[in-house]
Amino acid sequence: MNQLNNILLEGTTVNDPEVAATSITTKRRLIKFTLANDRYWRDRSGNAQQDTLFIPIQCWGDLGERCLERIRKGMSVRILGRLHMCRWESKKGERRSSVEVICTHLEYRPLSKGKAGQVEIIEDENGEAEMLSDYEVLYEF
């Protein structure tokens with residue numbers, strides 16, 4: 001039986017998505033970007049505090065391709081995915097590891113290019129327009 005491994009994050013993209021690797025067998029591309037997640041609180045003295053966590057995000061296949069097309073630095077996004085431990089050996093032979101999120105569902109708010117609250121339209125290659133609400137949803141099954 002699989003144990004639960006789901007994570008829901010909301011934050012701001014730190015960089016544009018980039019191609020990190022391509023699978024030799026399936027030709028699927030791995031797309032990566034970083035998400036900044038801010039936490040605000042007041043300490044015991046009443047002073048405002050902030051902590052920012054930078055989280056590496058992986059998107060595979062069609063989801064990754066759509067991220068390359070639509071996601072840009074500075075966008076507000078919500079991500080549903082699972083945690084993945086990446087392990088490798090450095091050039092000096094040292095063992096390294098990091099935890100990354102493999103994204104399975106992504107919602108984003110397009111960067112505003114006009115009046116606030118205005119509905120943005122994205123056209124596909126066939127010229128068909130799609131109306132967007134506050135967030136657009138990208139996901140894979």
# chains A, B, ... in the order shown; residues from 1 in each chain; ligands from 1
>>> select_by_dssp(residues="region 41-107 of chain A", states="alpha helix (DSSP H)", output="JSON, numbers by chain")
{"A": [61, 62, 63, 64, 65, 66, 67, 68, 69, 70]}
>>> residues_around(residues="Ser76 (chain A)", least_positions_apart="2", cutoff="10 Å", atoms="only C-alpha atoms", output="PyMOL selection string")
chain A and resi 10-13+35-36+71-74+78+107-111+135
>>> atom_distance(atom1="CA of Gln58 (chain A)", atom2="CA of Trp88 (chain A)")
16.3 Å
>>> residues_around(residues="Leu80 (chain A)", least_positions_apart="4", cutoff="10 Å", atoms="only C-alpha atoms", output="NGL selection string")
:A and (6-10 or 101-107 or 139)
>>> write_last_selection(atoms="N, CA, C and O atoms", output="PDB file, in the first residue's frame")
ATOM      1  N   ASN A   6       1.527  13.881  -0.481  1.00  0.00           N
ATOM      2  CA  ASN A   6       0.978  15.002  -1.231  1.00  0.00           C
ATOM      3  C   ASN A   6       1.393  16.294  -0.564  1.00  0.00           C
ATOM      4  O   ASN A   6       1.498  16.363   0.662  1.00  0.00           O
ATOM      5  N   ILE A   7       1.593  17.316  -1.385  1.00  0.00           N
ATOM      6  CA  ILE A   7       1.933  18.625  -0.848  1.00  0.00           C
ATOM      7  C   ILE A   7       1.203  19.681  -1.665  1.00  0.00           C
ATOM      8  O   ILE A   7       1.084  19.571  -2.886  1.00  0.00           O
ATOM      9  N   LEU A   8       0.682  20.682  -0.984  1.00  0.00           N
ATOM     10  CA  LEU A   8       0.014  21.811  -1.612  1.00  0.00           C
ATOM     11  C   LEU A   8       0.794  23.060  -1.228  1.00  0.00           C
ATOM     12  O   LEU A   8       1.002  23.322  -0.040  1.00  0.00           O
ATOM     13  N   LEU A   9       1.258  23.789  -2.225  1.00  0.00           N
ATOM     14  CA  LEU A   9       2.058  24.994  -1.998  1.00  0.00           C
ATOM     15  C   LEU A   9       1.471  26.172  -2.755  1.00  0.00           C
ATOM     16  O   LEU A   9       0.866  25.992  -3.819  1.00  0.00           O
ATOM     17  N   GLU A  10       1.694  27.345  -2.216  1.00  0.00           N
ATOM     18  CA  GLU A  10       1.320  28.574  -2.901  1.00  0.00           C
ATOM     19  C   GLU A  10       2.491  29.528  -2.748  1.00  0.00           C
ATOM     20  O   GLU A  10       3.105  29.594  -1.681  1.00  0.00           O
ATOM     21  N   VAL A 101       9.845  19.057  -5.285  1.00  0.00           N
ATOM     22  CA  VAL A 101       8.432  18.756  -5.469  1.00  0.00           C
ATOM     23  C   VAL A 101       8.210  18.387  -6.927  1.00  0.00           C
ATOM     24  O   VAL A 101       8.577  19.153  -7.821  1.00  0.00           O
ATOM     25  N   ILE A 102       7.633  17.209  -7.147  1.00  0.00           N
ATOM     26  CA  ILE A 102       7.222  16.830  -8.489  1.00  0.00           C
ATOM     27  C   ILE A 102       5.778  17.280  -8.648  1.00  0.00           C
ATOM     28  O   ILE A 102       4.878  16.784  -7.970  1.00  0.00           O
ATOM     29  N   CYS A 103       5.574  18.239  -9.506  1.00  0.00           N
ATOM     30  CA  CYS A 103       4.265  18.878  -9.692  1.00  0.00           C
ATOM     31  C   CYS A 103       3.336  17.988 -10.517  1.00  0.00           C
ATOM     32  O   CYS A 103       3.736  17.451 -11.541  1.00  0.00           O
ATOM     33  N   THR A 104       2.086  17.855 -10.062  1.00  0.00           N
ATOM     34  CA  THR A 104       1.060  17.136 -10.823  1.00  0.00           C
ATOM     35  C   THR A 104      -0.115  18.042 -11.183  1.00  0.00           C
ATOM     36  O   THR A 104      -0.934  17.687 -12.029  1.00  0.00           O
ATOM     37  N   HIS A 105      -0.199  19.201 -10.555  1.00  0.00           N
ATOM     38  CA  HIS A 105      -1.305  20.139 -10.770  1.00  0.00           C
ATOM     39  C   HIS A 105      -0.766  21.536 -10.494  1.00  0.00           C
ATOM     40  O   HIS A 105      -0.129  21.757  -9.476  1.00  0.00           O
ATOM     41  N   LEU A 106      -1.016  22.472 -11.392  1.00  0.00           N
ATOM     42  CA  LEU A 106      -0.518  23.826 -11.215  1.00  0.00           C
ATOM     43  C   LEU A 106      -1.598  24.827 -11.604  1.00  0.00           C
ATOM     44  O   LEU A 106      -2.208  24.702 -12.667  1.00  0.00           O
ATOM     45  N   GLU A 107      -1.853  25.766 -10.733  1.00  0.00           N
ATOM     46  CA  GLU A 107      -2.778  26.871 -11.019  1.00  0.00           C
ATOM     47  C   GLU A 107      -1.967  28.152 -10.972  1.00  0.00           C
ATOM     48  O   GLU A 107      -1.093  28.299 -10.130  1.00  0.00           O
ATOM     49  N   TYR A 139      -2.576  20.632 -15.397  1.00  0.00           N
ATOM     50  CA  TYR A 139      -2.424  19.406 -14.622  1.00  0.00           C
ATOM     51  C   TYR A 139      -2.105  18.253 -15.535  1.00  0.00           C
ATOM     52  O   TYR A 139      -2.229  18.342 -16.743  1.00  0.00           O
TER      53      TYR A 139
END
>>> atom_distance(atom1="CA of Lys32 (chain A)", atom2="CA of Arg96 (chain A)")
18.5 Å
>>> select_by_dssp(residues="region 47-88 of chain A", states="strand (DSSP E or B)", output="VMD selection string")
chain A and resid 48 to 60 76 to 88
>>> write_last_selection(atoms="N, CA and C atoms", output="mmCIF file, in the first residue's frame")
data_model
loop_
_atom_site.group_PDB
_atom_site.id
_atom_site.type_symbol
_atom_site.label_atom_id
_atom_site.label_comp_id
_atom_site.auth_asym_id
_atom_site.auth_seq_id
_atom_site.Cartn_x
_atom_site.Cartn_y
_atom_site.Cartn_z
ATOM 1 N N ALA A 48 7.391 42.516 13.450
ATOM 2 C CA ALA A 48 7.023 41.721 12.284
ATOM 3 C C ALA A 48 8.237 40.941 11.780
ATOM 4 N N GLN A 49 8.017 39.676 11.482
ATOM 5 C CA GLN A 49 9.076 38.797 10.983
ATOM 6 C C GLN A 49 8.616 38.148 9.690
ATOM 7 N N GLN A 50 9.594 37.773 8.868
ATOM 8 C CA GLN A 50 9.299 37.083 7.615
ATOM 9 C C GLN A 50 10.336 35.999 7.387
ATOM 10 N N ASP A 51 9.860 34.873 6.867
ATOM 11 C CA ASP A 51 10.742 33.773 6.507
ATOM 12 C C ASP A 51 10.344 33.326 5.106
ATOM 13 N N THR A 52 11.311 33.217 4.201
ATOM 14 C CA THR A 52 11.035 32.786 2.836
ATOM 15 C C THR A 52 11.711 31.451 2.591
ATOM 16 N N LEU A 53 10.930 30.506 2.098
ATOM 17 C CA LEU A 53 11.428 29.183 1.759
ATOM 18 C C LEU A 53 11.471 29.082 0.239
ATOM 19 N N PHE A 54 12.621 28.687 -0.318
ATOM 20 C CA PHE A 54 12.772 28.524 -1.757
ATOM 21 C C PHE A 54 12.691 27.034 -2.074
ATOM 22 N N ILE A 55 11.703 26.655 -2.888
ATOM 23 C CA ILE A 55 11.384 25.260 -3.129
ATOM 24 C C ILE A 55 11.586 24.924 -4.606
ATOM 25 N N PRO A 56 12.459 23.942 -4.916
ATOM 26 C CA PRO A 56 12.634 23.524 -6.309
ATOM 27 C C PRO A 56 11.433 22.699 -6.776
ATOM 28 N N ILE A 57 10.942 23.011 -7.978
ATOM 29 C CA ILE A 57 9.767 22.357 -8.547
ATOM 30 C C ILE A 57 10.164 21.645 -9.842
ATOM 31 N N GLN A 58 9.695 20.397 -10.006
ATOM 32 C CA GLN A 58 9.898 19.640 -11.237
ATOM 33 C C GLN A 58 8.553 19.453 -11.933
ATOM 34 N N CYS A 59 8.524 19.655 -13.248
ATOM 35 C CA CYS A 59 7.333 19.383 -14.058
ATOM 36 C C CYS A 59 7.768 18.527 -15.245
ATOM 37 N N TRP A 60 7.084 17.414 -15.473
ATOM 38 C CA TRP A 60 7.446 16.476 -16.533
ATOM 39 C C TRP A 60 6.429 16.494 -17.668
ATOM 40 N N SER A 76 2.073 34.374 -9.414
ATOM 41 C CA SER A 76 1.511 33.730 -8.240
ATOM 42 C C SER A 76 0.977 32.371 -8.676
ATOM 43 N N VAL A 77 1.452 31.278 -8.039
ATOM 44 C CA VAL A 77 1.044 29.939 -8.441
ATOM 45 C C VAL A 77 0.656 29.095 -7.230
ATOM 46 N N ARG A 78 -0.187 28.111 -7.491
ATOM 47 C CA ARG A 78 -0.527 27.066 -6.520
ATOM 48 C C ARG A 78 -0.107 25.752 -7.142
ATOM 49 N N ILE A 79 0.551 24.923 -6.355
ATOM 50 C CA ILE A 79 1.083 23.668 -6.867
ATOM 51 C C ILE A 79 0.631 22.525 -5.977
ATOM 52 N N LEU A 80 0.159 21.463 -6.608
ATOM 53 C CA LEU A 80 -0.122 20.215 -5.923
ATOM 54 C C LEU A 80 0.857 19.198 -6.482
ATOM 55 N N GLY A 81 1.507 18.458 -5.613
ATOM 56 C CA GLY A 81 2.488 17.490 -6.088
ATOM 57 C C GLY A 81 2.886 16.538 -4.984
ATOM 58 N N ARG A 82 4.057 15.924 -5.177
ATOM 59 C CA ARG A 82 4.578 15.004 -4.178
ATOM 60 C C ARG A 82 6.049 15.310 -3.945
ATOM 61 N N LEU A 83 6.510 15.017 -2.741
ATOM 62 C CA LEU A 83 7.914 15.234 -2.402
ATOM 63 C C LEU A 83 8.766 14.117 -2.999
ATOM 64 N N HIS A 84 9.963 14.495 -3.458
ATOM 65 C CA HIS A 84 10.883 13.534 -4.061
ATOM 66 C C HIS A 84 12.293 13.836 -3.575
ATOM 67 N N MET A 85 12.989 12.802 -3.098
ATOM 68 C CA MET A 85 14.368 12.949 -2.643
ATOM 69 C C MET A 85 15.297 12.720 -3.828
ATOM 70 N N CYS A 86 16.074 13.729 -4.177
ATOM 71 C CA CYS A 86 17.070 13.622 -5.250
ATOM 72 C C CYS A 86 18.424 13.359 -4.608
ATOM 73 N N ARG A 87 19.111 12.334 -5.095
ATOM 74 C CA ARG A 87 20.443 11.999 -4.578
ATOM 75 C C ARG A 87 21.422 11.939 -5.727
ATOM 76 N N TRP A 88 22.641 12.444 -5.497
ATOM 77 C CA TRP A 88 23.683 12.404 -6.498
ATOM 78 C C TRP A 88 25.038 12.492 -5.826
#
>>> closest_residue(among="A:Gly64, A:Glu94, A:Glu100, A:Glu69", to="Thr22 (chain A)", atoms="only C-alpha atoms")
A:Gly64
>>> atom_distance(atom1="CA of Glu18 (chain A)", atom2="CA of Ile31 (chain A)")
5.4 Å
>>> closest_residue(among="A:Val14, A:Cys67, A:Leu4, A:Val19", to="Asn37 (chain A)", atoms="only C-alpha atoms")
A:Val14
